[in-house]
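Okay, structure first, notes after.
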Amino acid sequence: MSQVAAKKKLDLIDARSRVIAHFREQGSVLRGDQTGECLGFEIELDFESGEPEGEIRELIRLAEQMCFTRHAIAGPIPLRTRSRLNGSELGEVSP
């Protein structure tokens, strides 16, 4: 957010974000059936600025459009896991 504000030459007195993640675990590690699930995220943004509301709205829109993490969470992206034991590849380990 601050990078976009600097590029747009916006004066932010304070900008804070709070991310709330919701997760759930089920099953048992000992039985080998434990699973983890991400239920979602909430993002809260708080600003202090003398800039017009429209400029802050545009700042938020641009920052969301440029956020790598937001895109990774919101959409499908390739994910590859490589595992090694004592330096040797273990190969694919599927759930």
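Naming scheme: A, B, ... for chains in displayed order of the structure tokens; residues 1 onward per chain; ligands 1 onward as shown.
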
| request: Per DSSP on the backbone, filter chain A down to the residues in strand (DSSP E) and report them as a ChimeraX atom specification. | output: /A:12-26,35-49,84-85,88-89

| message | Residues near range 19-30 of chain A, anyone? I mean within 10 Å using only C-alpha atoms, not counting same-chain ones fewer than 6 positions away, as a PyMOL selection string. | response | chain A and resi 36-45

Given the selection you just returned, output its residues as a file containing N, CA, C and O atoms, formatted as a short mmCIF file (atom, residue, chain, number, x, y, z; two decimals), in the first residue's frame.
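Ended up saving to out.cif:
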data_model
loop_
_atom_site.label_atom_id
_atom_site.label_comp_id
_atom_site.auth_asym_id
_atom_site.auth_seq_id
_atom_site.Cartn_x
_atom_site.Cartn_y
_atom_site.Cartn_z
N GLY A 36 -5.91 -30.25 7.02
CA GLY A 36 -6.00 -28.83 7.35
C GLY A 36 -6.70 -28.12 6.22
O GLY A 36 -6.55 -28.48 5.05
N GLU A 37 -7.47 -27.09 6.58
CA GLU A 37 -8.26 -26.38 5.58
C GLU A 37 -8.23 -24.89 5.89
O GLU A 37 -8.34 -24.49 7.04
N CYS A 38 -8.07 -24.10 4.86
CA CYS A 38 -8.17 -22.65 5.00
C CYS A 38 -9.61 -22.26 4.65
O CYS A 38 -10.08 -22.55 3.55
N LEU A 39 -10.30 -21.64 5.59
CA LEU A 39 -11.69 -21.26 5.38
C LEU A 39 -11.83 -19.86 4.80
O LEU A 39 -12.89 -19.50 4.31
N GLY A 40 -10.78 -19.06 4.89
CA GLY A 40 -10.86 -17.72 4.31
C GLY A 40 -10.02 -16.71 5.06
O GLY A 40 -9.41 -17.01 6.10
N PHE A 41 -9.98 -15.52 4.50
CA PHE A 41 -9.23 -14.41 5.07
C PHE A 41 -10.10 -13.16 5.10
O PHE A 41 -10.96 -12.99 4.24
N GLU A 42 -9.86 -12.31 6.05
CA GLU A 42 -10.47 -10.99 6.11
C GLU A 42 -9.33 -9.97 6.18
O GLU A 42 -8.36 -10.19 6.90
N ILE A 43 -9.45 -8.88 5.42
CA ILE A 43 -8.45 -7.83 5.44
C ILE A 43 -9.13 -6.54 5.87
O ILE A 43 -10.14 -6.14 5.28
N GLU A 44 -8.60 -5.92 6.91
CA GLU A 44 -9.11 -4.63 7.38
C GLU A 44 -8.04 -3.58 7.14
O GLU A 44 -6.88 -3.76 7.52
N LEU A 45 -8.41 -2.48 6.49
CA LEU A 45 -7.48 -1.39 6.20
C LEU A 45 -7.95 -0.13 6.92
O LEU A 45 -9.13 0.21 6.86
#

| said: I'd like the contact shell of Val4 in chain A - 10 Å cut-off, only C-alpha atoms, skipping same-chain residues fewer than 4 positions apart - returned as a PyMOL selection string. | reply: chain A and resi 8-10+59-60+62-63+66

| said: as a count of residues only, please: the residues near Glu48 in chain A (cut-off 9 Å, only C-alpha atoms, same-chain neighbours under 3 positions excluded). | reply: 5

| query | In Å to one decimal, how far is CA of Ala5 in chain A from CA of Glu53 in chain A? | reply |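 Pair CA of Glu53 in chain A / CA of Ala5 in chain A returns 13.5 Å.
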
| What does the distance between CA of Lys7 in chain A and CA of Arg61 in chain A come to in Å, to one decimal place? |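 Spanning CA of Lys7 in chain A to CA of Arg61 in chain A is a straight-line distance of 14.1 Å.
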
With DSSP run on the backbone, what are the helix (DSSP H, G or I) residues within chain A? I'd like them as a CSV table (one decimal) with C-alpha atoms, in the first residue's frame.
chain,number,residue,atom,x,y,z
A,2,SER,CA,2.7,2.4,1.0
A,3,GLN,CA,4.7,1.8,-2.3
A,4,VAL,CA,1.6,2.6,-4.3
A,5,ALA,CA,0.9,5.7,-2.2
A,6,ALA,CA,4.5,6.9,-2.7
A,7,LYS,CA,4.3,6.4,-6.5
A,53,GLU,CA,-11.7,9.8,-0.3
A,54,GLY,CA,-11.6,9.2,-4.0
A,55,GLU,CA,-7.8,9.1,-4.0
A,56,ILE,CA,-7.8,6.6,-1.1
A,57,ARG,CA,-10.3,4.4,-2.9
A,58,GLU,CA,-8.1,4.5,-6.0
A,59,LEU,CA,-5.1,3.7,-3.9
A,60,ILE,CA,-6.8,0.6,-2.4
A,61,ARG,CA,-8.0,-0.5,-5.9
A,62,LEU,CA,-4.5,-0.2,-7.4
A,63,ALA,CA,-2.8,-1.9,-4.4
A,64,GLU,CA,-5.2,-4.8,-4.6
A,65,GLN,CA,-4.6,-5.1,-8.3
A,66,MET,CA,-0.8,-5.2,-7.8
A,68,PHE,CA,1.1,-10.8,-5.5
A,69,THR,CA,-0.1,-12.4,-2.3
A,70,ARG,CA,-3.8,-11.5,-2.9
A,71,HIS,CA,-3.6,-13.0,-6.4
A,72,ALA,CA,-1.9,-16.2,-5.1
A,73,ILE,CA,-4.6,-16.7,-2.4
A,74,ALA,CA,-7.6,-15.7,-4.6
